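**Q** This is the structure I have questions about; it appears just below.
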Amino acid sequence: MTPYAPILTSHVGEPNSYSLDFYVTHQQGYEGLRKALTQEPGDIIDQVKTSGLRGRGGAGFPTGLKWQFVLKDTPNPKYICCNADESEPGTFKDHVLMERNPHLLIEGCAIAAFAIGARVAYIYIRGEFYHVQQILEAEIEKAYAAGFLGKNILGSGFDCDVYVHRGAGAYEAGEETALIESLEGKRAQPRIKPPFPAVAGLYQCPTAVNNVETLCNVPLIVLNGPEWFSGMGPEKNGGPKLYCVSGHVKKPGVYEASMHTTLRELIYDHAGGMLDDRPFKAIIPGGSSVPLLLPEHLDTPASFDDIQKAGSMLGSAGLIVLNDSVCMVWLAMNLLHFYRHESCGKCTPCREGCDWLYKLLARIEGGEGQPKDLDLLFGVSSNIVGKTLCAFGDAAATPVLSTMTLFRAEYEAHVREGRCTLTADWRAAHPVMAAH
Amino acid sequence: MDYAPAKFHKSARELAEPGGAFAYTPEHQAKFDANVKCYPPDQRRSAILFALYLAQRQQGYVTAAAMRHVAEQIGCTPAEVEDVVSYYTMFFTKPVGTYVLNVCRTLSCALRGAERVTAALSAELGITPGETDPTGTFTLIEVECLGACDRAPVVMVNDDWHECLAPEDVRRLVEDLRTRGPAALTGCHLHKEKAAEATS
């Protein structure tokens with residue numbers, strides 16, 4: 001295993017690691033903010049740009065650029081929105097940070113607000129994370145009491161408020177413009193871009209939307225310098241990274257590594273190897289919305305660029321590991337059930353297409369698929385890609401297109417034999433390793 | 001064979017129950033008044049989700065009367081409130097049980113046996129997903145990814161989580177909830193961590 005000492009999650013296993021005292025004592029808490037406030041906001045943006053920090057939410061867009069695009073000459077207020085909606089299937093890193101290291105996020109929000117000239121940051125947390133929200137809110141209150149938030153922070157004259165906004169169950173709220181709509185008290189549906197949030201975001205004011213893990217990296221960059229950050233990991237893929245490993249592994253969990261680490265190390269070293277030592281079949285490397293990778297890709301470094309070269313995306317770094325018991329038609333059906341349910345309904349190709357795909361997949365998995373259904377599946381999913389306002393449509397079509405490309409024989413077998421070979425009976429007889 | 005229920009459609013719309021007269025309790029009113037200050041004075045609508053959560057906490061679900069009350073508090077139309085209620089899955093427009101059991105059914109949980117958890121809960125409670133048992137104690141719902149895939153299968157019970165729920169432990173959880181109430185909800189890692197921190 002590549003040697004690596006965790007940074008973001010160095011203390012998460014220790015008692016009271018979420019408390020302000022612990023953060024200040026053990027993690028140089030709020031020293032990044034103190035240092036930032038002595039500099040010019042533009043310098044902070046330059047440092048984040050130099051560090052090469054890329055958004056940890058899924059797109060991997062350079063954070064410094066995002067901040068630079070935020071309109072400067074405007075009479076309107078500016079806003080930081082922290083995307084804590086973490087809803088991508090297979091992703092569960094942000095709630096660990098918010099639960100066990102909330103002050104790192106709070107400090108990140110304050111520095112980000114200072115850098116773009118905002119005075120308010122909203123943390124949009126998904127409704128299902130109510131238990132996490134309570135921890136976060138309590139710690140925000142403590143940060144106020146200690147003078148790290150509020151008026152005239154650390155005597156610098158800079159004011160910053162951080163509020164937590166609770167969502168109410170909508171995957172689509174993780175899309176940045178849909179998140180803004182939801183924050184404004186509307187349905188979480190995406191906006192037409194441009195204008196981008198950097199110009200007209202929350203309340204039509206310049207806004208930067210950043211993922212929790214992204215903002216957590218900001219105090220570290222300010223404190224340790226951009227070179228320290230970019231030196232960790234492959235070129236353009238610097239910094240610490242959290243990986244969420246779930247599915248058929250012995251020890252599912254959140255693991256921190258540099259982006260030098262390979263998929264194999266994450267599965268076999270960090271997550272303890274395959275559950276029941278069954279053979280590895282495939283992996284979804286970046287949350288349910290990205291194409292699958294095969295055994296030959298296991299030695300690919302888990303970086304944005306390397307995973308992309310291998311034909312997939314690192315996305316939110318949600319690794320879903322699949323063993324040989326997984327039927328790929330069932331997998332696509334399970335995920336399309338998700339996308340059908342979560343499609344916001346704004347764009348017709350996605351709203352109708354997801355429902356149609358799910359019905360086709362259920363028919364094939366149910367044993368009544370016809371040969372023409374395979375072409376239809378391909379046609380419907382291809383007609384969603386690129387025809388929607390946000391990336392949801394592409395994401396929803398991906399499980400179908402990817403499984404059909406890599407495992408077409410399984411689809412054909414379902415149609416030919418009129419059944420799924422891994423049936424409910426089979427599952428009941430294999431309770432531990434039951435894949436579906 | 002019914003591959004995908006015909007009743008599923010994004011345009012399906014059911015009228016909200018009218019419900020009796022509704023107004024926040026003074027405690028909830030105070031909470032709302034405090035929350036609305038998080039947003040600019042001309043953007044009260046941002047507090048709509050919070051306002052709806054309060055209404056739901058007060059009477060268990062959101063009625064048309066509650067939506068009107070929320071609209072008055074926010075200063076928007078009841079239609080705008082209904083627009084929001086009908087979009088988000090965490091608001092109920094029908095009465096639900098004391099304990100709403102939300103079983104995650106998405107991939108990572110499904111790989112670890114979520115469908116057998118749902119089946120076990122169905123058998124134990126005698127209801128299918130989407131239904132409430134006759135005593136009004138339990139509502140069973142299948143939900144999409146809860147974001148705790150490392151602790152699959154996960155069940156969210158009201159606002160609390162129960163993690164790593166093996167199908168064979170379902171009966172015990174249900175019985176515990178019946179006899180001990182919310183105190184039975186110790187299956188979240190946070191409970192365990194808190195307990196460990198209290199003793200350390």
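Ordering of the structure tokens sets the chain letters (A, B, ...); residue numbers start at 1 within each chain; ligands are numbered from 1 in the order shown.
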When you look at region 391-400 of chain A with a cut-off of 7 Å (counting only C-alpha atoms), what residues show up, excluding the ones that are within fewer than 3 positions of it in the same chain? I need them as a list in words.

**A**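 My reading of the contact set: Ser289, Val290, Pro291, Ala332, Leu336, Tyr339, Cys350, Cys354, Ser381, Ile384, Val385, Gly386, Thr388, Thr403 and Met404 of chain A.
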
**Q** Using the selection just defined, write its residues with N, CA, C and O atoms as an mmCIF file, in the first residue's frame.

**A**
```
data_model
loop_
_atom_site.group_PDB
_atom_site.id
_atom_site.type_symbol
_atom_site.label_atom_id
_atom_site.label_comp_id
_atom_site.auth_asym_id
_atom_site.auth_seq_id
_atom_site.Cartn_x
_atom_site.Cartn_y
_atom_site.Cartn_z
ATOM 1 N N SER A 289 -23.520 7.127 -11.064
ATOM 2 C CA SER A 289 -23.709 7.792 -12.353
ATOM 3 C C SER A 289 -22.569 7.615 -13.337
ATOM 4 O O SER A 289 -22.563 8.259 -14.380
ATOM 5 N N VAL A 290 -21.574 6.792 -13.014
ATOM 6 C CA VAL A 290 -20.420 6.681 -13.911
ATOM 7 C C VAL A 290 -20.318 5.259 -14.477
ATOM 8 O O VAL A 290 -20.826 4.321 -13.882
ATOM 9 N N PRO A 291 -19.644 5.113 -15.621
ATOM 10 C CA PRO A 291 -19.512 3.786 -16.231
ATOM 11 C C PRO A 291 -18.722 2.818 -15.357
ATOM 12 O O PRO A 291 -17.874 3.229 -14.564
ATOM 13 N N ALA A 332 -28.628 -2.583 -13.456
ATOM 14 C CA ALA A 332 -29.158 -1.439 -14.206
ATOM 15 C C ALA A 332 -30.592 -1.155 -13.779
ATOM 16 O O ALA A 332 -30.994 0.005 -13.632
ATOM 17 N N LEU A 336 -31.900 2.288 -12.278
ATOM 18 C CA LEU A 336 -32.919 3.059 -13.004
ATOM 19 C C LEU A 336 -34.164 3.270 -12.154
ATOM 20 O O LEU A 336 -34.880 4.249 -12.328
ATOM 21 N N TYR A 339 -33.132 6.392 -10.529
ATOM 22 C CA TYR A 339 -33.191 7.590 -11.379
ATOM 23 C C TYR A 339 -34.622 7.939 -11.773
ATOM 24 O O TYR A 339 -34.983 9.104 -11.892
ATOM 25 N N CYS A 350 -35.533 13.050 -19.936
ATOM 26 C CA CYS A 350 -35.133 12.412 -18.689
ATOM 27 C C CYS A 350 -36.363 11.887 -17.943
ATOM 28 O O CYS A 350 -36.397 10.733 -17.526
ATOM 29 N N CYS A 354 -36.380 7.876 -18.244
ATOM 30 C CA CYS A 354 -35.994 7.048 -17.095
ATOM 31 C C CYS A 354 -37.096 6.034 -16.787
ATOM 32 O O CYS A 354 -36.816 4.870 -16.484
ATOM 33 N N SER A 381 -31.801 5.216 -24.110
ATOM 34 C CA SER A 381 -30.754 5.838 -23.276
ATOM 35 C C SER A 381 -29.901 6.798 -24.101
ATOM 36 O O SER A 381 -29.540 7.872 -23.620
ATOM 37 N N ILE A 384 -31.432 10.169 -24.283
ATOM 38 C CA ILE A 384 -31.461 11.029 -23.088
ATOM 39 C C ILE A 384 -30.148 11.811 -23.004
ATOM 40 O O ILE A 384 -30.128 12.995 -22.675
ATOM 41 N N VAL A 385 -29.058 11.124 -23.357
ATOM 42 C CA VAL A 385 -27.720 11.725 -23.205
ATOM 43 C C VAL A 385 -27.622 13.048 -23.966
ATOM 44 O O VAL A 385 -27.938 13.112 -25.149
ATOM 45 N N GLY A 386 -27.200 14.075 -23.239
ATOM 46 C CA GLY A 386 -26.953 15.368 -23.872
ATOM 47 C C GLY A 386 -28.207 16.165 -24.203
ATOM 48 O O GLY A 386 -28.117 17.220 -24.820
ATOM 49 N N THR A 388 -30.605 17.088 -21.855
ATOM 50 C CA THR A 388 -31.261 17.597 -20.652
ATOM 51 C C THR A 388 -30.490 18.802 -20.120
ATOM 52 O O THR A 388 -29.334 19.014 -20.467
ATOM 53 N N THR A 403 -23.512 -1.039 -18.831
ATOM 54 C CA THR A 403 -23.714 -2.489 -18.678
ATOM 55 C C THR A 403 -23.994 -3.139 -20.023
ATOM 56 O O THR A 403 -23.557 -4.260 -20.282
ATOM 57 N N MET A 404 -24.697 -2.420 -20.902
ATOM 58 C CA MET A 404 -24.989 -3.015 -22.220
ATOM 59 C C MET A 404 -23.723 -3.164 -23.048
ATOM 60 O O MET A 404 -23.574 -4.113 -23.822
#
```

**Q** Using only C-alpha atoms, find which residues of chain A lie within 6 Å of chain B and jot them down as a PyMOL selection string.

**A** chain A and resi 15+87+89-92+168-169+183-187+246-247+252-253+359+362+435-436

**Q** Quick one: everything within 7 Å of region 150-159 of chain A, counting only C-alpha atoms, minus sequence neighbours fewer than 6 positions away in the same chain. Send it as a list in words.

**A** Leu37, Arg119 and Tyr144 of chain A

**Q** In terms of the shortest atom-to-atom distance over only C-alpha atoms, which of B:Asp33, B:Glu142, B:Glu14, B:Glu82 is closest to Ala65 (chain B)?

**A**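 Ranked by minimum distance to Ala65 (chain B), first place goes to B:Glu82.
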
**Q** To one decimal place, how far is CA of Lys250 (chain A) from CA of Met274 (chain A) in Å?

**A** 5.9 Å

**Q** Interatomic distance between CA of Leu263 (chain A) and CA of Pro301 (chain A)?

**A**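 These atoms are spaced 6.3 Å apart.
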
**Q** Between B:Ala184, B:Ala71, B:Val96, B:Ala195, which residue has the minimum interatomic distance to Arg57 (chain B), considering only C-alpha atoms?

**A**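 Nearest candidate to Arg57 (chain B) out of B:Ala184, B:Ala71, B:Val96, B:Ala195: B:Val96.
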
**Q** List every residue of region 294-402 of chain A that DSSP, applied to the backbone of this structure, places in strand (DSSP E or B), and write the result as a PyMOL selection string.

**A** chain A and resi 301+318-323

**Q** Need the shell around Gly286 (chain A): protein/DNA/RNA residues with any atom at most 10 Å away, counting only C-alpha atoms. Skip same-chain ones fewer than 3 positions apart. Format as a PyMOL selection string?

**A** chain A and resi 58+88-91+243-245+283+289-292+302+304+307+312-320

**Q** Neighbouring residues of Leu136 (chain A) were defined as those with any atom within 8 Å, considering only C-alpha atoms; residues of the same chain fewer than 4 positions away were excluded. Please report them as a list in words.

**A** Met98, Glu99, Pro102, Val132 and Ile140 of chain A

**Q** For the selection just defined, write its residues with C-alpha atoms to a file, as a CSV table (one decimal), in the first residue's frame.

**A**
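That gives us out_21.csv:
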```csv
chain,number,residue,atom,x,y,z
A,98,MET,CA,-19.5,16.9,9.2
A,99,GLU,CA,-20.0,14.5,12.0
A,102,PRO,CA,-17.3,19.9,11.5
A,132,VAL,CA,-25.6,15.1,11.4
A,140,ILE,CA,-21.5,26.4,14.5
```
